[in-house]
Structures are given as C-alpha cells and as structure tokens.
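For reference, the structure is listed below as structure tokens.
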Amino acid sequence: MTSRELLAVALLLAPALTAAAVALVSPGLVERVAFAGALVTGGLAFALAAVALGDPNGSVVGTWIVVDPAAGLLVGVIGLVGLASVLVSPAFLSSARSSLVPANRSERLYFVLLYCFWAILLAVPLAGNLGAAWLLVEATTAASALLVGFSGKGRALEAGWKYLILTSLGLGVALLGVVLLAAGVPGGGLGALSWHALTTYSAAESGALVAYLLLLAGLAAKIGFAPVHNWLPDAHAEAPPPVSALLSAALLPAVLVVVWRCEQALAPVIGARTAQSVLIAFGLVSLLVAVPFLWQAMAWKRLLAYSSLEHMGVLALGIGFATPLAIAGAVIHVVGHAIAKALGFYAATPLLAHDSRAGGHEVTGIGRTRPALGASMGLSLGALSGLPPSPLFVSEVLIVAGGFEAGRSWAAAAAAVLLSLGFLGLAHALLETTVGKAHRREAGRLPGLRGLRILAAVSLVLLLVLAAAGFWLPDTALVDALRRGIS
Amino acid sequence: MGLVVVTVRRRSVAVGFLTAQALVLVGVALHQATSGADVVAAVVLAARAIALAALFYALVARTRESRPVRASVAPLGRAGAAVTLALVLTWLVPTIGLASRNAERGVIALVAFGMVAVAVRRATLFQIMGVVLVENGLALAALELPGVSSLAIEIGVALDLTLVVLVAAVFHERIFAEFGSGDSAALRTLRD
C-alpha cells in the first residue's frame, strides 16, 4: 500500500471511528469528541488534498481506492465543509425545538448520523471502481435522509421521504447502467467495473450508450440536475442548516465526480463528443429550470437550493466543454460554490432565530436590523450570483470561454444568456435581503452569530484567493491531469 | 408477481408476493451457482428476502390503517400503465447483453412495474415496495450476466437496499404517527 493509499484509509477511518466514539461516550463528552474528530478528519482531508493536488501526475489507481487530482479536490472540499458543519452544529442543536428522538438523545443521534454521512461522502471520490462508487452514493442516501427529516416535523418528513424515494429510484436506474457495463467488459467481476477496465467495453456501442444514459439519468436524480431535481429544494430547505451545507456543497459535486469519471472512461467507446453532449444538455436544462426560480421571492434556504440547481448545471457545462479553460473554471466553481453556499446555509441558524418566518417566507432588510448577519448573507449571495470579484464570476467566464474554445458556440452563448439572467435574479435578492425593507424582529442574542462572523471573514479571504487563482490555473499541470482523468 | 404489487389493495398480500418473487430469485441463483461465491451470493439474497419480509410484516402490523389508502388510479389503470411502460421500455432499450432476451424483458418489466408502483400508489409502504421491486429486477439482471459477477458488489447492493428500506421504514412510521396514515397524499405541502 502506498503512502497516499494509507493516508486515504486513515482519512476514511477517522470519521467512522468518531461516529462510533460519539455513540459510546457519556452525554457530556459528545460535543468534545465530535470537535476532536472533526479537527482530525479535516486535517487528514487537507493533507490528502495537498498531496493529490500538489503532484497531479502521481496518481494512485487501485481496485478499491483512487487518489488522483479529482479525488484530492473533492476530498479537500468535503473536508472543509464537513469541518465547518461540525463546528457550527452546537448552535443549531441549541436552537432546535424538536427531533426524531427524545431531546436527551438528539445530540448523540445527530452527530452519529452526521459523521456517518461525512465518512461516506469522503469515500465517494476515492472509490476505485464504479460498483463501489454506486454503493457509496446509495449509502449517502440512507444517512442523509434521516438528517433531512431530523426535526421530525411534517415538512421535514415530507422532504426526507421525497429525497429517499426519488433518489433510491434514480440510483436503481443507475444500477441498471452499471450492470449493463459489467456485461460488456471482458473478464467480468469487480475488475470489470474499475475505471480503467470500462474503457475496454467491447460489446455493441449502442449498449454502452444506453448504459451511459441510464447511469447519467440515475445519478442526475442524486445530483439534482433538472428535470429530476424535485427533491432538492425541499431537502435543502428542511434539513438542519449544517446538513444542508453538506448536501449542497459536498454531496452534489461528489456525485458529479462519479459522473465525470464515467464520462471519461466511456468516451473512447461512445465518442467523447457524444459523452460530453449529454452533460452539456443536462447543464443547459438545469440552468433553464433554475433561472425562473431565482427571480422569485422565496425563503432563504429555498433560494439557496435553487441556486444549487443552477450551479450544478454550470459544473456540468464545465465538464462537458472539457477544454483547459472550462476545466479550470469547473475547479474554481466547485471550491467557490462550496465556500459561498456553506456560508449561506450556516447563516440560516441565526436567521431563523432572528426572524421565525424566514423558514417559509423571503427575508428583507437583514443588513439593517442585524448588520453582521446581513453581511454574511450578502457575502454568500454576492459570491453565488457571480458578482465581481467573486470566484464564481471568474469560473463562469472561464467555462463560457471554454465552450467557445470547444466549438460549442450555441451552447456557450445560451449558457451566457442564462447565467446573466440568473445573476440578475440573485442580485435582486441580494439587494432585498441586505438593504430592503426591514421588519420588527427578535433583538436578543442570536445562536451561532459569533461563529458566523469568523466563518464569513475566513470565507472572504478564501474567495478572494480563489478568484486570483483563476488567472494562472488554466495552464497548469493540475488542469492537464484533470482533463486526462484516470488514463 | 411484480404486477400484483402494482395492483393489489392489501399490503400484506403485496409483501407476500414480493417475498415470493425474491425467493424465486434465490432459486435461480442456486440453480445457476457454479462456485462457492455464487452460493454465498444466493444466501445473501435469501437473507435479504427474509429480512425485508419480516420488516414489512412488522410495519403492516404496527401501522394499521383505519381504512385502506386508495391509489389515485384504479387497479386496472395501474396495471395498464405498468404493462404499457414495460412494453415501451422493451421496445426502446436495445439488447443489453444478458444471457437471454427473455431475461432482459423480465428485468425491464420489473423496473417498469417498480417505477409505476412508486408513481401511482399513494400508500408509503407500497412506494417502498416499488423500490424493492426495481432492485429485484436488477438482482435478476446480475444473475443473468454472462460473465462472472462480483460477490462483493452483490453483498454491498443487498446491504445498501436493506439499509435504505430500514430508513424508509423509520420514515413510514413517523409519517403514520404525524399524519395518522401512511398516505403520501399528505406529503404535498412543499411546492413552489
């Protein structure tokens, strides 16, 4: 086993062991153990990401574990969002009024589920074969559905139920695609599903195309691509805010990496242009569906959820265009979206304490009544809208330019128009949220506001650094390695 | 047997047919077994079938409906929709490389029946059974693969499905407790 594989195994063990420890320790120690586990897991994730991204040509590709730049990128993002989600969770738990279990057990159950979810999420981009990747993606559903319905309220149960049934059904369709691919690769068994072996698919080309479409259609339900996104706004809106952050900023791109690996593995069989065109179509449809909702006045978390639909569409376009500019844009977009979106969801905990109607209605004038909270929400929404100098502005420009570079002028032009419309919708929401008409609200101490201030400051620095990275990233070995995939 | 899950009114009858279907798959797996790993895979399928049957019957007993949850479409309409979707999918999907064309048709039909069960049945327990129906179809596909299948993946799929059904069972009970019925029609408040 190489040092990279050992680091990957240690990374997967850390959250799993923390989940076990949280389940066993006395109630007074649950939070401390959770914090300690988060620091260890986060540290290991950053170490693995640094190793994988620092030497992009030194990938390790095994039957079970892959440590390549794509895995490094996602592990870094999932580690960052997971760490922040654990740290902000006590503020959420202190303000939670109900849960699936009695109050004296809710903190323990919450952290056990959160760590199980985090552990499985970290494993998804490291999966060395399609079969294991599918199993892990399906396993994220079980852990995260309970977290979505954690409050036990009717709306949360509805959201959790929709999420569980729709994504399970979608993953069933994806599994059919996996079975078809396994049937067409010589040798059979687990080896037939390794990322390398999929390139040797030798049955009819139409079979590979059908399998690819089934895989994409099934996984699209999990990523939240339109038109199979129905669960996404409900689950993101009803889940506890730290969980919403993990769902949007970590789960969706992690599953997208599985799709990317499938696209790269099957491109030699079905043709790179065909494989990429399907992704571009999903991207454009997702943008088309998301934009009208970004123009509507809606509850804060629901607005962020529809923004996830838009941003997954942008990422699909980046991967689909596949030029150096577009891939560099996708890299910046994954990280920038994760930071901005997580901050937005974390702001929901103090927001709901400040204005109890915010769970079901749009909020306005937060910057007037609570400047620090308004500034955090403004930073999140400004970055997500693509307002310069947001890194998402840089990434979207790179992706659209990449589309023209790839000779897909119509798709790039359509994306540019849709992104502009999306920007206008979110910019309007940004103005209303921060400096719109203020209402009478709770004036007392808000849970999680102090931590949110720190996170907002850190996020601001990270977002600016990321925006600057856009200028040199396209010509780097990292982007080259990402374009090659597991070759 | 798959069509029964789509059409029958009583939940316990549907569970019986779903379990019988899973046990038929176990029989097929044992019949085709050529190695120890194949026998282990069949045993895993059998364990899954029995565990799910026990769970479903426990759920039926613990969440007695005061009156049956009526689907929005009549039984004949549901059967028609299921058969139509199965025929359309069979026509659309080209040969997929399983051992026989009949096996391919069986797989596609089960996937179609499962989807229709989830889409048109309002009872939450029937929706879970629809997901299991789809997975039974995929288990059949794995059994009918001409090459060597992976024991690790088959065990993983069985465990994953059991886990998902367990979580769905928790939701079913909580929905029953919250709304007084396992009727998914009550779950329609979140809309834009």
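Labels used: A, B, ... for chains in the order of the structure tokens, numbers from 1 for residues in each chain, and numbers from 1 for ligands as shown.
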
**Within 8 Å of Leu30 in chain B using only C-alpha atoms, minus same-chain residues under 3 positions, as a list in words** = Val26, Gly27, Ala33, Asp38, Val39 and Ala42 of chain B

**Request:** Residues of chain A near chain B: apply a cut-off of 7 Å, count only C-alpha atoms, and supply the list as an MDAnalysis selection string.
**Result:** chainID A and resid 131 135 138:139 142 154 157:158 161 168:169 172 176 179:180 183:184 187:190 207 234

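Excluding Ser286 in chain A itself and same-chain residues fewer than 4 positions from it, the residues having an atom within 10 Å of it are Gly224, Phe225, Ala226, Pro227, Val228, His229, Ile280, Ala281, Phe282, Ala290, Val291, Tyr306, Ser308, Leu309, Glu310, His311, Met312, Gly313, Val314 and Ala316 of chain A, counting only C-alpha atoms.
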
**Item:** Shell of 9 Å around His196 in chain A, only C-alpha atoms, local chain residues under 4 positions omitted, as a list in words
**Value:** Val61, Asn129, Gly191, Ala192, Thr200, Ala265, Ile486 and Ser487 of chain A

For those residues, write N, CA and C atoms to a file as a CSV table (one decimal), in the first residue's frame.
chain,number,residue,atom,x,y,z
A,61,VAL,N,-3.9,4.5,-8.6
A,61,VAL,CA,-5.2,4.0,-9.1
A,61,VAL,C,-5.2,2.5,-8.7
A,129,ASN,N,-13.7,2.0,-8.2
A,129,ASN,CA,-14.4,1.3,-9.3
A,129,ASN,C,-15.9,1.8,-9.2
A,191,GLY,N,-13.2,-6.4,-11.3
A,191,GLY,CA,-12.3,-5.8,-12.1
A,191,GLY,C,-12.9,-5.2,-13.3
A,192,ALA,N,-14.0,-5.7,-13.8
A,192,ALA,CA,-14.7,-5.2,-15.0
A,192,ALA,C,-15.3,-3.8,-14.7
A,200,THR,N,-12.4,-0.6,-21.9
A,200,THR,CA,-12.2,-1.7,-22.7
A,200,THR,C,-13.6,-2.4,-23.1
A,265,ALA,N,-14.3,7.6,-18.8
A,265,ALA,CA,-14.0,6.1,-19.0
A,265,ALA,C,-14.7,5.7,-20.3
A,486,ILE,N,-8.4,9.3,-15.3
A,486,ILE,CA,-7.7,8.1,-14.9
A,486,ILE,C,-7.3,7.4,-16.2
A,487,SER,N,-6.1,7.8,-16.7
A,487,SER,CA,-5.7,7.2,-18.0
A,487,SER,C,-4.6,6.1,-17.8

**Asked** Can you list, as a PyMOL selection string, every residue of range 99-185 of chain B that DSSP puts in helix (DSSP H, G or I)?
**Response** chain B and resi 101-120+124-143+151-179+184-185

**Item:** Spatial neighbours of Thr434 in chain A, 9 Å, only C-alpha atoms, chain gap at least 2 places, as number ranges by chain
**Value:** A: 363-368, 371, 374-375, 377-378, 429-432, 436-437

**Asked** In Å to one decimal, how far is CA of Met1 in chain B from CA of Ala169 in chain B?
**Response**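 CA of Met1 in chain B lies 22.3 Å from CA of Ala169 in chain B.
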
**Asked** Suppose you want the space between CA of Ala477 in chain A and CA of Ala49 in chain A; what is it in Å?
**Response**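 Between CA of Ala477 in chain A and CA of Ala49 in chain A the gap is 15.4 Å.
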
**Request:** Quick one: pull the distance between CA of Ile223 in chain A and CA of Ser248 in chain A, Å, one decimal.
**Result:**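 Between these atoms lies a distance of 9.1 Å.
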
**Message:** List the spatial neighbours of range 348-351 of chain A as a PyMOL selection string - criterion: any atom at most 10 Å away, only C-alpha atoms, same-chain residues fewer than 5 positions off excluded.
**Reply:** chain A and resi 88-89+91-96+237+240-242+244+300-301+343+356-359+363+366+370+373-374+377+442+445-450+452

Output file for the selection above: N, CA and C atoms, as an mmCIF file, in the first residue's frame:
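Output file part06.cif is given in full below:
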data_model
loop_
_atom_site.group_PDB
_atom_site.id
_atom_site.type_symbol
_atom_site.label_atom_id
_atom_site.label_comp_id
_atom_site.auth_asym_id
_atom_site.auth_seq_id
_atom_site.Cartn_x
_atom_site.Cartn_y
_atom_site.Cartn_z
ATOM 1 N N VAL A 88 -20.297 24.332 13.544
ATOM 2 C CA VAL A 88 -21.486 25.190 13.725
ATOM 3 C C VAL A 88 -22.702 24.412 14.244
ATOM 4 N N SER A 89 -22.574 23.089 14.346
ATOM 5 C CA SER A 89 -23.729 22.272 14.742
ATOM 6 C C SER A 89 -24.252 22.564 16.150
ATOM 7 N N ALA A 91 -24.603 25.290 17.686
ATOM 8 C CA ALA A 91 -25.520 26.436 17.629
ATOM 9 C C ALA A 91 -26.874 26.003 17.095
ATOM 10 N N PHE A 92 -26.861 25.140 16.065
ATOM 11 C CA PHE A 92 -28.134 24.636 15.531
ATOM 12 C C PHE A 92 -28.866 23.807 16.587
ATOM 13 N N LEU A 93 -28.109 22.892 17.247
ATOM 14 C CA LEU A 93 -28.754 21.993 18.213
ATOM 15 C C LEU A 93 -29.339 22.767 19.398
ATOM 16 N N SER A 94 -28.662 23.871 19.774
ATOM 17 C CA SER A 94 -29.173 24.646 20.914
ATOM 18 C C SER A 94 -30.489 25.352 20.567
ATOM 19 N N SER A 95 -30.709 25.578 19.267
ATOM 20 C CA SER A 95 -31.940 26.277 18.884
ATOM 21 C C SER A 95 -33.008 25.328 18.338
ATOM 22 N N ALA A 96 -32.652 24.030 18.170
ATOM 23 C CA ALA A 96 -33.621 23.064 17.618
ATOM 24 C C ALA A 96 -34.683 22.757 18.661
ATOM 25 N N ALA A 237 -34.067 22.817 1.988
ATOM 26 C CA ALA A 237 -34.772 23.803 2.803
ATOM 27 C C ALA A 237 -35.137 23.251 4.177
ATOM 28 N N PRO A 240 -31.432 20.370 8.690
ATOM 29 C CA PRO A 240 -30.707 21.308 9.568
ATOM 30 C C PRO A 240 -29.664 22.063 8.743
ATOM 31 N N PRO A 241 -29.443 23.360 9.015
ATOM 32 C CA PRO A 241 -28.525 24.145 8.156
ATOM 33 C C PRO A 241 -27.144 23.512 7.927
ATOM 34 N N PRO A 242 -26.481 22.944 8.964
ATOM 35 C CA PRO A 242 -25.165 22.332 8.681
ATOM 36 C C PRO A 242 -25.264 21.153 7.702
ATOM 37 N N SER A 244 -27.693 20.906 5.333
ATOM 38 C CA SER A 244 -27.966 21.499 4.017
ATOM 39 C C SER A 244 -26.658 21.886 3.341
ATOM 40 N N TRP A 300 -35.101 31.912 2.380
ATOM 41 C CA TRP A 300 -33.645 31.963 2.198
ATOM 42 C C TRP A 300 -33.048 30.616 1.766
ATOM 43 N N LYS A 301 -33.353 29.554 2.530
ATOM 44 C CA LYS A 301 -32.731 28.257 2.214
ATOM 45 C C LYS A 301 -33.248 27.692 0.898
ATOM 46 N N LEU A 343 -21.528 28.941 3.668
ATOM 47 C CA LEU A 343 -21.698 30.146 4.495
ATOM 48 C C LEU A 343 -23.170 30.585 4.513
ATOM 49 N N SER A 356 -38.526 34.214 12.806
ATOM 50 C CA SER A 356 -39.050 32.846 12.730
ATOM 51 C C SER A 356 -39.814 32.599 11.424
ATOM 52 N N ARG A 357 -40.238 33.669 10.738
ATOM 53 C CA ARG A 357 -40.963 33.490 9.464
ATOM 54 C C ARG A 357 -40.012 33.154 8.317
ATOM 55 N N ALA A 358 -38.694 33.278 8.562
ATOM 56 C CA ALA A 358 -37.731 33.091 7.482
ATOM 57 C C ALA A 358 -37.723 31.670 6.927
ATOM 58 N N GLY A 359 -38.264 30.709 7.703
ATOM 59 C CA GLY A 359 -38.303 29.325 7.208
ATOM 60 C C GLY A 359 -39.236 29.149 6.030
ATOM 61 N N VAL A 363 -36.883 36.924 3.212
ATOM 62 C CA VAL A 363 -36.484 37.874 4.254
ATOM 63 C C VAL A 363 -35.909 39.120 3.578
ATOM 64 N N ILE A 366 -32.218 42.466 6.253
ATOM 65 C CA ILE A 366 -31.464 41.889 7.374
ATOM 66 C C ILE A 366 -30.243 42.759 7.703
ATOM 67 N N ARG A 370 -29.648 43.508 11.518
ATOM 68 C CA ARG A 370 -28.515 42.743 12.036
ATOM 69 C C ARG A 370 -27.367 42.842 11.040
ATOM 70 N N LEU A 373 -25.084 39.675 10.450
ATOM 71 C CA LEU A 373 -25.804 38.586 9.773
ATOM 72 C C LEU A 373 -26.075 38.960 8.316
ATOM 73 N N GLY A 374 -26.495 40.209 8.105
ATOM 74 C CA GLY A 374 -26.757 40.677 6.742
ATOM 75 C C GLY A 374 -25.505 40.644 5.885
ATOM 76 N N MET A 377 -24.806 37.008 4.893
ATOM 77 C CA MET A 377 -25.744 36.572 3.859
ATOM 78 C C MET A 377 -25.430 37.279 2.534
ATOM 79 N N GLU A 442 -36.699 39.676 16.427
ATOM 80 C CA GLU A 442 -36.077 39.402 17.721
ATOM 81 C C GLU A 442 -34.805 40.222 17.864
ATOM 82 N N ARG A 445 -29.821 37.879 21.752
ATOM 83 C CA ARG A 445 -28.616 37.216 21.256
ATOM 84 C C ARG A 445 -29.014 36.100 20.285
ATOM 85 N N LEU A 446 -28.326 36.028 19.164
ATOM 86 C CA LEU A 446 -28.664 35.018 18.154
ATOM 87 C C LEU A 446 -27.679 33.846 18.230
ATOM 88 N N PRO A 447 -28.186 32.608 18.202
ATOM 89 C CA PRO A 447 -27.282 31.455 18.272
ATOM 90 C C PRO A 447 -26.412 31.366 17.010
ATOM 91 N N GLY A 448 -25.135 31.163 17.217
ATOM 92 C CA GLY A 448 -24.236 30.920 16.085
ATOM 93 C C GLY A 448 -23.740 32.157 15.378
ATOM 94 N N LEU A 449 -24.138 33.363 15.849
ATOM 95 C CA LEU A 449 -23.743 34.572 15.109
ATOM 96 C C LEU A 449 -22.241 34.847 15.244
ATOM 97 N N ARG A 450 -21.684 34.568 16.424
ATOM 98 C CA ARG A 450 -20.247 34.821 16.627
ATOM 99 C C ARG A 450 -19.419 33.926 15.697
ATOM 100 N N LEU A 452 -20.434 32.618 12.996
ATOM 101 C CA LEU A 452 -20.703 33.004 11.607
ATOM 102 C C LEU A 452 -19.805 34.161 11.173
#

**Message:** Given only C-alpha atoms as the basis, pick out the residue of A:Leu419, A:Val178, A:Ala267, A:Leu166 nearest to Trp231 in chain A.
**Reply:**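 Checking each candidate against Trp231 in chain A, we get A:Leu166 as the closest.
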
**Request:** Write out as a list in words the residues lying within 12 Å of Ala54 in chain B, counting only C-alpha atoms and excluding same-chain residues fewer than 2 positions away.
**Result:** Ser12, Val15, Gly16, Leu18, Thr19, Ala47, Arg48, Ala49, Ile50, Ala51, Leu52, Phe56, Tyr57, Ala58, Leu59, Val60, Ala61, Thr162, Val165, Leu166 and Ala169 of chain B

**Prompt:** Between B:Leu140, B:Ala109, B:Ala14, B:Val116, which has the minimum distance to Gln32 in chain B (counting only C-alpha atoms)?
**Reply:**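 The shortest atom-to-atom distance to Gln32 in chain B comes from B:Leu140.
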